[in-house]
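Colleague: Here it is: the structure, laid out below.
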Amino acid sequence: MRIGELARRAGISTRALRYYEQQGLITARRAANGYREYSEEDLKLVTEIRSLLTVGFTLEDARPFVACLRAGHASGSSCPESVAVYRRKLAEIDDEIRTLLARRAEVAAQLTTACPGCLPREQDKT
């Protein structure tokens, strides 16, 4: 399939596909006329990349998942390298949650100091 069809089927722009190619995540074959040609496997790779980006992974994070699919696995998450990325990402999210909870507690404390009784009791989860 050509780049426009892949973009349409994957729900992304041709520019994004060219960027993925530039980053080495997908590889287009060239037709005799110079047009990029992609396969169903490329659609699977792009779908995997997009799903990872949607939940906060980076393109660099996506590399082990792409490599796993290219190695013939049914899922990009079935390789140990992919599992390691999942674990690292969960640790990052847990750190962000702790940071946000600490910020929330500080803001709630400042509000309580500035305006006693302004913070409803069920919202005061410090």
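Following the order of the structure tokens, chains are lettered A, B, ..., residues in each are numbered from 1, and ligands are numbered from 1.
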Which of segment 24-115 of chain A counts as alpha helix (DSSP H) under DSSP, as a PDB file with N, CA, C and O atoms, in the first residue's frame please?

Modeller:
ATOM      1  N   GLU A  40       1.071  -4.866   5.269  1.00  0.00           N
ATOM      2  CA  GLU A  40       0.186  -5.013   6.430  1.00  0.00           C
ATOM      3  C   GLU A  40       1.008  -5.030   7.725  1.00  0.00           C
ATOM      4  O   GLU A  40       0.554  -4.557   8.753  1.00  0.00           O
ATOM      5  N   GLU A  41       2.214  -5.572   7.657  1.00  0.00           N
ATOM      6  CA  GLU A  41       3.082  -5.598   8.844  1.00  0.00           C
ATOM      7  C   GLU A  41       3.437  -4.172   9.274  1.00  0.00           C
ATOM      8  O   GLU A  41       3.531  -3.881  10.463  1.00  0.00           O
ATOM      9  N   ASP A  42       3.643  -3.295   8.290  1.00  0.00           N
ATOM     10  CA  ASP A  42       3.924  -1.895   8.618  1.00  0.00           C
ATOM     11  C   ASP A  42       2.728  -1.256   9.310  1.00  0.00           C
ATOM     12  O   ASP A  42       2.888  -0.473  10.251  1.00  0.00           O
ATOM     13  N   LEU A  43       1.530  -1.597   8.872  1.00  0.00           N
ATOM     14  CA  LEU A  43       0.321  -1.086   9.526  1.00  0.00           C
ATOM     15  C   LEU A  43       0.284  -1.548  10.976  1.00  0.00           C
ATOM     16  O   LEU A  43      -0.031  -0.771  11.875  1.00  0.00           O
ATOM     17  N   LYS A  44       0.651  -2.809  11.204  1.00  0.00           N
ATOM     18  CA  LYS A  44       0.688  -3.334  12.574  1.00  0.00           C
ATOM     19  C   LYS A  44       1.717  -2.574  13.424  1.00  0.00           C
ATOM     20  O   LYS A  44       1.454  -2.221  14.570  1.00  0.00           O
ATOM     21  N   LEU A  45       2.881  -2.287  12.842  1.00  0.00           N
ATOM     22  CA  LEU A  45       3.907  -1.524  13.557  1.00  0.00           C
ATOM     23  C   LEU A  45       3.406  -0.128  13.911  1.00  0.00           C
ATOM     24  O   LEU A  45       3.560   0.334  15.044  1.00  0.00           O
ATOM     25  N   VAL A  46       2.813   0.535  12.941  1.00  0.00           N
ATOM     26  CA  VAL A  46       2.329   1.904  13.163  1.00  0.00           C
ATOM     27  C   VAL A  46       1.218   1.909  14.209  1.00  0.00           C
ATOM     28  O   VAL A  46       1.175   2.787  15.080  1.00  0.00           O
ATOM     29  N   THR A  47       0.348   0.919  14.154  1.00  0.00           N
ATOM     30  CA  THR A  47      -0.726   0.825  15.145  1.00  0.00           C
ATOM     31  C   THR A  47      -0.153   0.648  16.543  1.00  0.00           C
ATOM     32  O   THR A  47      -0.615   1.271  17.503  1.00  0.00           O
ATOM     33  N   GLU A  48       0.866  -0.178  16.657  1.00  0.00           N
ATOM     34  CA  GLU A  48       1.531  -0.391  17.952  1.00  0.00           C
ATOM     35  C   GLU A  48       2.172   0.906  18.441  1.00  0.00           C
ATOM     36  O   GLU A  48       2.012   1.301  19.605  1.00  0.00           O
ATOM     37  N   ILE A  49       2.867   1.591  17.565  1.00  0.00           N
ATOM     38  CA  ILE A  49       3.525   2.858  17.922  1.00  0.00           C
ATOM     39  C   ILE A  49       2.488   3.860  18.403  1.00  0.00           C
ATOM     40  O   ILE A  49       2.653   4.504  19.445  1.00  0.00           O
ATOM     41  N   ARG A  50       1.405   4.003  17.645  1.00  0.00           N
ATOM     42  CA  ARG A  50       0.369   4.977  18.001  1.00  0.00           C
ATOM     43  C   ARG A  50      -0.267   4.651  19.351  1.00  0.00           C
ATOM     44  O   ARG A  50      -0.530   5.545  20.145  1.00  0.00           O
ATOM     45  N   SER A  51      -0.528   3.374  19.601  1.00  0.00           N
ATOM     46  CA  SER A  51      -1.152   3.016  20.874  1.00  0.00           C
ATOM     47  C   SER A  51      -0.221   3.331  22.044  1.00  0.00           C
ATOM     48  O   SER A  51      -0.673   3.764  23.103  1.00  0.00           O
ATOM     49  N   LEU A  52       1.070   3.150  21.845  1.00  0.00           N
ATOM     50  CA  LEU A  52       2.034   3.480  22.897  1.00  0.00           C
ATOM     51  C   LEU A  52       2.129   4.988  23.106  1.00  0.00           C
ATOM     52  O   LEU A  52       2.154   5.476  24.249  1.00  0.00           O
ATOM     53  N   LEU A  53       2.174   5.740  22.021  1.00  0.00           N
ATOM     54  CA  LEU A  53       2.245   7.197  22.131  1.00  0.00           C
ATOM     55  C   LEU A  53       1.008   7.754  22.832  1.00  0.00           C
ATOM     56  O   LEU A  53       1.109   8.696  23.619  1.00  0.00           O
ATOM     57  N   THR A  54      -0.129   7.158  22.561  1.00  0.00           N
ATOM     58  CA  THR A  54      -1.394   7.623  23.141  1.00  0.00           C
ATOM     59  C   THR A  54      -1.385   7.566  24.668  1.00  0.00           C
ATOM     60  O   THR A  54      -1.975   8.417  25.315  1.00  0.00           O
ATOM     61  N   LEU A  59       8.710   7.800  21.287  1.00  0.00           N
ATOM     62  CA  LEU A  59       9.130   6.972  20.152  1.00  0.00           C
ATOM     63  C   LEU A  59      10.298   6.069  20.548  1.00  0.00           C
ATOM     64  O   LEU A  59      10.388   4.929  20.121  1.00  0.00           O
ATOM     65  N   GLU A  60      11.182   6.580  21.368  1.00  0.00           N
ATOM     66  CA  GLU A  60      12.311   5.764  21.830  1.00  0.00           C
ATOM     67  C   GLU A  60      11.804   4.574  22.649  1.00  0.00           C
ATOM     68  O   GLU A  60      12.320   3.460  22.520  1.00  0.00           O
ATOM     69  N   ASP A  61      10.785   4.806  23.473  1.00  0.00           N
ATOM     70  CA  ASP A  61      10.183   3.719  24.244  1.00  0.00           C
ATOM     71  C   ASP A  61       9.590   2.654  23.328  1.00  0.00           C
ATOM     72  O   ASP A  61       9.539   1.476  23.688  1.00  0.00           O
ATOM     73  N   ALA A  62       9.109   3.076  22.167  1.00  0.00           N
ATOM     74  CA  ALA A  62       8.425   2.163  21.244  1.00  0.00           C
ATOM     75  C   ALA A  62       9.379   1.196  20.546  1.00  0.00           C
ATOM     76  O   ALA A  62       8.947   0.150  20.043  1.00  0.00           O
ATOM     77  N   ARG A  63      10.649   1.518  20.514  1.00  0.00           N
ATOM     78  CA  ARG A  63      11.601   0.688  19.757  1.00  0.00           C
ATOM     79  C   ARG A  63      11.589  -0.800  20.129  1.00  0.00           C
ATOM     80  O   ARG A  63      11.549  -1.648  19.240  1.00  0.00           O
ATOM     81  N   PRO A  64      11.610  -1.162  21.417  1.00  0.00           N
ATOM     82  CA  PRO A  64      11.593  -2.596  21.736  1.00  0.00           C
ATOM     83  C   PRO A  64      10.303  -3.290  21.285  1.00  0.00           C
ATOM     84  O   PRO A  64      10.330  -4.457  20.897  1.00  0.00           O
ATOM     85  N   PHE A  65       9.197  -2.580  21.311  1.00  0.00           N
ATOM     86  CA  PHE A  65       7.921  -3.150  20.881  1.00  0.00           C
ATOM     87  C   PHE A  65       7.951  -3.413  19.375  1.00  0.00           C
ATOM     88  O   PHE A  65       7.508  -4.457  18.905  1.00  0.00           O
ATOM     89  N   VAL A  66       8.501  -2.451  18.628  1.00  0.00           N
ATOM     90  CA  VAL A  66       8.640  -2.599  17.178  1.00  0.00           C
ATOM     91  C   VAL A  66       9.580  -3.763  16.871  1.00  0.00           C
ATOM     92  O   VAL A  66       9.283  -4.610  16.019  1.00  0.00           O
ATOM     93  N   ALA A  67      10.691  -3.828  17.567  1.00  0.00           N
ATOM     94  CA  ALA A  67      11.649  -4.921  17.353  1.00  0.00           C
ATOM     95  C   ALA A  67      11.009  -6.273  17.654  1.00  0.00           C
ATOM     96  O   ALA A  67      11.250  -7.257  16.943  1.00  0.00           O
ATOM     97  N   CYS A  68      10.181  -6.320  18.670  1.00  0.00           N
ATOM     98  CA  CYS A  68       9.506  -7.564  19.046  1.00  0.00           C
ATOM     99  C   CYS A  68       8.554  -8.006  17.931  1.00  0.00           C
ATOM    100  O   CYS A  68       8.532  -9.187  17.567  1.00  0.00           O
ATOM    101  N   LEU A  69       7.797  -7.074  17.381  1.00  0.00           N
ATOM    102  CA  LEU A  69       6.907  -7.409  16.268  1.00  0.00           C
ATOM    103  C   LEU A  69       7.702  -7.842  15.042  1.00  0.00           C
ATOM    104  O   LEU A  69       7.356  -8.819  14.381  1.00  0.00           O
ATOM    105  N   ARG A  70       8.779  -7.130  14.759  1.00  0.00           N
ATOM    106  CA  ARG A  70       9.610  -7.494  13.605  1.00  0.00           C
ATOM    107  C   ARG A  70      10.228  -8.871  13.754  1.00  0.00           C
ATOM    108  O   ARG A  70      10.504  -9.552  12.778  1.00  0.00           O
ATOM    109  N   PRO A  80      10.995  -9.546  26.515  1.00  0.00           N
ATOM    110  CA  PRO A  80      11.508  -9.024  27.789  1.00  0.00           C
ATOM    111  C   PRO A  80      11.872  -7.531  27.737  1.00  0.00           C
ATOM    112  O   PRO A  80      11.643  -6.817  28.717  1.00  0.00           O
ATOM    113  N   GLU A  81      12.387  -7.070  26.615  1.00  0.00           N
ATOM    114  CA  GLU A  81      12.758  -5.662  26.509  1.00  0.00           C
ATOM    115  C   GLU A  81      11.531  -4.756  26.599  1.00  0.00           C
ATOM    116  O   GLU A  81      11.581  -3.682  27.176  1.00  0.00           O
ATOM    117  N   SER A  82      10.430  -5.212  26.018  1.00  0.00           N
ATOM    118  CA  SER A  82       9.184  -4.445  26.084  1.00  0.00           C
ATOM    119  C   SER A  82       8.646  -4.413  27.510  1.00  0.00           C
ATOM    120  O   SER A  82       8.195  -3.373  27.994  1.00  0.00           O
ATOM    121  N   VAL A  83       8.700  -5.552  28.182  1.00  0.00           N
ATOM    122  CA  VAL A  83       8.248  -5.627  29.569  1.00  0.00           C
ATOM    123  C   VAL A  83       9.072  -4.677  30.437  1.00  0.00           C
ATOM    124  O   VAL A  83       8.535  -3.995  31.314  1.00  0.00           O
ATOM    125  N   ALA A  84      10.362  -4.583  30.177  1.00  0.00           N
ATOM    126  CA  ALA A  84      11.223  -3.668  30.932  1.00  0.00           C
ATOM    127  C   ALA A  84      10.784  -2.219  30.713  1.00  0.00           C
ATOM    128  O   ALA A  84      10.783  -1.413  31.661  1.00  0.00           O
ATOM    129  N   VAL A  85      10.389  -1.889  29.494  1.00  0.00           N
ATOM    130  CA  VAL A  85       9.907  -0.531  29.220  1.00  0.00           C
ATOM    131  C   VAL A  85       8.607  -0.277  29.971  1.00  0.00           C
ATOM    132  O   VAL A  85       8.421   0.791  30.566  1.00  0.00           O
ATOM    133  N   TYR A  86       7.704  -1.251  29.969  1.00  0.00           N
ATOM    134  CA  TYR A  86       6.463  -1.111  30.745  1.00  0.00           C
ATOM    135  C   TYR A  86       6.771  -0.847  32.220  1.00  0.00           C
ATOM    136  O   TYR A  86       6.185   0.038  32.842  1.00  0.00           O
ATOM    137  N   ARG A  87       7.685  -1.627  32.767  1.00  0.00           N
ATOM    138  CA  ARG A  87       8.031  -1.467  34.196  1.00  0.00           C
ATOM    139  C   ARG A  87       8.625  -0.094  34.477  1.00  0.00           C
ATOM    140  O   ARG A  87       8.283   0.548  35.474  1.00  0.00           O
ATOM    141  N   ARG A  88       9.525   0.350  33.602  1.00  0.00           N
ATOM    142  CA  ARG A  88      10.120   1.676  33.778  1.00  0.00           C
ATOM    143  C   ARG A  88       9.057   2.765  33.694  1.00  0.00           C
ATOM    144  O   ARG A  88       9.029   3.692  34.498  1.00  0.00           O
ATOM    145  N   LYS A  89       8.137   2.631  32.743  1.00  0.00           N
ATOM    146  CA  LYS A  89       7.088   3.632  32.575  1.00  0.00           C
ATOM    147  C   LYS A  89       6.169   3.659  33.790  1.00  0.00           C
ATOM    148  O   LYS A  89       5.784   4.734  34.258  1.00  0.00           O
ATOM    149  N   LEU A  90       5.816   2.491  34.309  1.00  0.00           N
ATOM    150  CA  LEU A  90       4.989   2.461  35.520  1.00  0.00           C
ATOM    151  C   LEU A  90       5.695   3.136  36.691  1.00  0.00           C
ATOM    152  O   LEU A  90       5.062   3.864  37.463  1.00  0.00           O
ATOM    153  N   ALA A  91       6.986   2.925  36.827  1.00  0.00           N
ATOM    154  CA  ALA A  91       7.748   3.578  37.895  1.00  0.00           C
ATOM    155  C   ALA A  91       7.729   5.100  37.708  1.00  0.00           C
ATOM    156  O   ALA A  91       7.574   5.847  38.683  1.00  0.00           O
ATOM    157  N   GLU A  92       7.865   5.551  36.465  1.00  0.00           N
ATOM    158  CA  GLU A  92       7.799   6.992  36.189  1.00  0.00           C
ATOM    159  C   GLU A  92       6.430   7.560  36.552  1.00  0.00           C
ATOM    160  O   GLU A  92       6.330   8.626  37.157  1.00  0.00           O
ATOM    161  N   ILE A  93       5.386   6.841  36.187  1.00  0.00           N
ATOM    162  CA  ILE A  93       4.025   7.295  36.504  1.00  0.00           C
ATOM    163  C   ILE A  93       3.811   7.328  38.003  1.00  0.00           C
ATOM    164  O   ILE A  93       3.234   8.291  38.539  1.00  0.00           O
ATOM    165  N   ASP A  94       4.284   6.306  38.710  1.00  0.00           N
ATOM    166  CA  ASP A  94       4.172   6.296  40.168  1.00  0.00           C
ATOM    167  C   ASP A  94       4.893   7.490  40.781  1.00  0.00           C
ATOM    168  O   ASP A  94       4.378   8.117  41.719  1.00  0.00           O
ATOM    169  N   ASP A  95       6.065   7.841  40.259  1.00  0.00           N
ATOM    170  CA  ASP A  95       6.787   9.020  40.743  1.00  0.00           C
ATOM    171  C   ASP A  95       5.990  10.292  40.490  1.00  0.00           C
ATOM    172  O   ASP A  95       5.918  11.176  41.354  1.00  0.00           O
ATOM    173  N   GLU A  96       5.385  10.393  39.313  1.00  0.00           N
ATOM    174  CA  GLU A  96       4.573  11.571  38.985  1.00  0.00           C
ATOM    175  C   GLU A  96       3.368  11.672  39.913  1.00  0.00           C
ATOM    176  O   GLU A  96       3.013  12.769  40.358  1.00  0.00           O
ATOM    177  N   ILE A  97       2.753  10.534  40.211  1.00  0.00           N
ATOM    178  CA  ILE A  97       1.602  10.524  41.118  1.00  0.00           C
ATOM    179  C   ILE A  97       2.018  11.000  42.508  1.00  0.00           C
ATOM    180  O   ILE A  97       1.342  11.828  43.131  1.00  0.00           O
ATOM    181  N   ARG A  98       3.149  10.492  42.998  1.00  0.00           N
ATOM    182  CA  ARG A  98       3.633  10.929  44.317  1.00  0.00           C
ATOM    183  C   ARG A  98       3.892  12.435  44.328  1.00  0.00           C
ATOM    184  O   ARG A  98       3.548  13.128  45.281  1.00  0.00           O
ATOM    185  N   THR A  99       4.492  12.935  43.251  1.00  0.00           N
ATOM    186  CA  THR A  99       4.763  14.376  43.156  1.00  0.00           C
ATOM    187  C   THR A  99       3.458  15.169  43.155  1.00  0.00           C
ATOM    188  O   THR A  99       3.333  16.176  43.857  1.00  0.00           O
ATOM    189  N   LEU A 100       2.489  14.722  42.394  1.00  0.00           N
ATOM    190  CA  LEU A 100       1.202  15.414  42.338  1.00  0.00           C
ATOM    191  C   LEU A 100       0.479  15.372  43.677  1.00  0.00           C
ATOM    192  O   LEU A 100      -0.123  16.371  44.105  1.00  0.00           O
ATOM    193  N   LEU A 101       0.523  14.238  44.360  1.00  0.00           N
ATOM    194  CA  LEU A 101      -0.115  14.142  45.671  1.00  0.00           C
ATOM    195  C   LEU A 101       0.549  15.084  46.679  1.00  0.00           C
ATOM    196  O   LEU A 101      -0.141  15.714  47.493  1.00  0.00           O
ATOM    197  N   ALA A 102       1.865  15.188  46.613  1.00  0.00           N
ATOM    198  CA  ALA A 102       2.569  16.109  47.511  1.00  0.00           C
ATOM    199  C   ALA A 102       2.189  17.557  47.196  1.00  0.00           C
ATOM    200  O   ALA A 102       1.960  18.363  48.117  1.00  0.00           O
ATOM    201  N   ARG A 103       2.104  17.892  45.921  1.00  0.00           N
ATOM    202  CA  ARG A 103       1.682  19.244  45.531  1.00  0.00           C
ATOM    203  C   ARG A 103       0.264  19.530  45.987  1.00  0.00           C
ATOM    204  O   ARG A 103      -0.047  20.610  46.468  1.00  0.00           O
ATOM    205  N   ARG A 104      -0.605  18.540  45.802  1.00  0.00           N
ATOM    206  CA  ARG A 104      -1.988  18.724  46.202  1.00  0.00           C
ATOM    207  C   ARG A 104      -2.084  18.980  47.703  1.00  0.00           C
ATOM    208  O   ARG A 104      -2.826  19.850  48.163  1.00  0.00           O
ATOM    209  N   ALA A 105      -1.342  18.209  48.475  1.00  0.00           N
ATOM    210  CA  ALA A 105      -1.353  18.382  49.928  1.00  0.00           C
ATOM    211  C   ALA A 105      -0.868  19.776  50.295  1.00  0.00           C
ATOM    212  O   ALA A 105      -1.434  20.426  51.191  1.00  0.00           O
ATOM    213  N   GLU A 106       0.169  20.268  49.621  1.00  0.00           N
ATOM    214  CA  GLU A 106       0.690  21.611  49.900  1.00  0.00           C
ATOM    215  C   GLU A 106      -0.337  22.688  49.558  1.00  0.00           C
ATOM    216  O   GLU A 106      -0.551  23.622  50.334  1.00  0.00           O
ATOM    217  N   VAL A 107      -0.973  22.545  48.405  1.00  0.00           N
ATOM    218  CA  VAL A 107      -1.991  23.533  48.016  1.00  0.00           C
ATOM    219  C   VAL A 107      -3.171  23.487  48.982  1.00  0.00           C
ATOM    220  O   VAL A 107      -3.690  24.538  49.393  1.00  0.00           O
ATOM    221  N   ALA A 108      -3.600  22.293  49.368  1.00  0.00           N
ATOM    222  CA  ALA A 108      -4.700  22.162  50.328  1.00  0.00           C
ATOM    223  C   ALA A 108      -4.329  22.805  51.657  1.00  0.00           C
ATOM    224  O   ALA A 108      -5.154  23.499  52.275  1.00  0.00           O
ATOM    225  N   ALA A 109      -3.083  22.616  52.096  1.00  0.00           N
ATOM    226  CA  ALA A 109      -2.630  23.225  53.350  1.00  0.00           C
ATOM    227  C   ALA A 109      -2.628  24.745  53.244  1.00  0.00           C
ATOM    228  O   ALA A 109      -3.042  25.449  54.172  1.00  0.00           O
ATOM    229  N   GLN A 110      -2.177  25.264  52.108  1.00  0.00           N
ATOM    230  CA  GLN A 110      -2.171  26.720  51.916  1.00  0.00           C
ATOM    231  C   GLN A 110      -3.594  27.274  51.890  1.00  0.00           C
ATOM    232  O   GLN A 110      -3.866  28.328  52.460  1.00  0.00           O
ATOM    233  N   LEU A 111      -4.521  26.546  51.235  1.00  0.00           N
ATOM    234  CA  LEU A 111      -5.914  26.981  51.202  1.00  0.00           C
ATOM    235  C   LEU A 111      -6.504  26.964  52.601  1.00  0.00           C
ATOM    236  O   LEU A 111      -7.188  27.906  53.010  1.00  0.00           O
ATOM    237  N   THR A 112      -6.216  25.936  53.372  1.00  0.00           N
ATOM    238  CA  THR A 112      -6.731  25.829  54.736  1.00  0.00           C
ATOM    239  C   THR A 112      -6.205  26.971  55.600  1.00  0.00           C
ATOM    240  O   THR A 112      -6.937  27.529  56.414  1.00  0.00           O
ATOM    241  N   THR A 113      -4.943  27.337  55.396  1.00  0.00           N
ATOM    242  CA  THR A 113      -4.362  28.450  56.149  1.00  0.00           C
ATOM    243  C   THR A 113      -5.004  29.771  55.733  1.00  0.00           C
ATOM    244  O   THR A 113      -5.341  30.606  56.573  1.00  0.00           O
ATOM    245  N   ALA A 114      -5.180  29.953  54.435  1.00  0.00           N
ATOM    246  CA  ALA A 114      -5.729  31.214  53.919  1.00  0.00           C
ATOM    247  C   ALA A 114      -7.220  31.334  54.188  1.00  0.00           C
ATOM    248  O   ALA A 114      -7.725  32.439  54.396  1.00  0.00           O
TER     249      ALA A 114
END

Colleague: Figure out the distance between atom CA of Ser77 of chain A and atom CA of Glu5 of chain A, please, to one decimal in Å.

Modeller: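 If I compute the distance from atom CA of Glu5 of chain A to atom CA of Ser77 of chain A, I get 26.0 Å.
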
Colleague: Enter the distance from atom CA of Ala32 of chain A to atom CA of Gly4 of chain A, in Å, rounded to one decimal.

Modeller: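 So the answer is 17.3 Å.
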
Colleague: Of the candidates A:Tyr38, A:Val55, A:Ala71, A:Gly76, which shows the shortest atom-to-atom distance to Met1 of chain A, using only C-alpha atoms?

Modeller: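 Looking only at the distances to Met1 of chain A, the closest residue turns out to be A:Tyr38.
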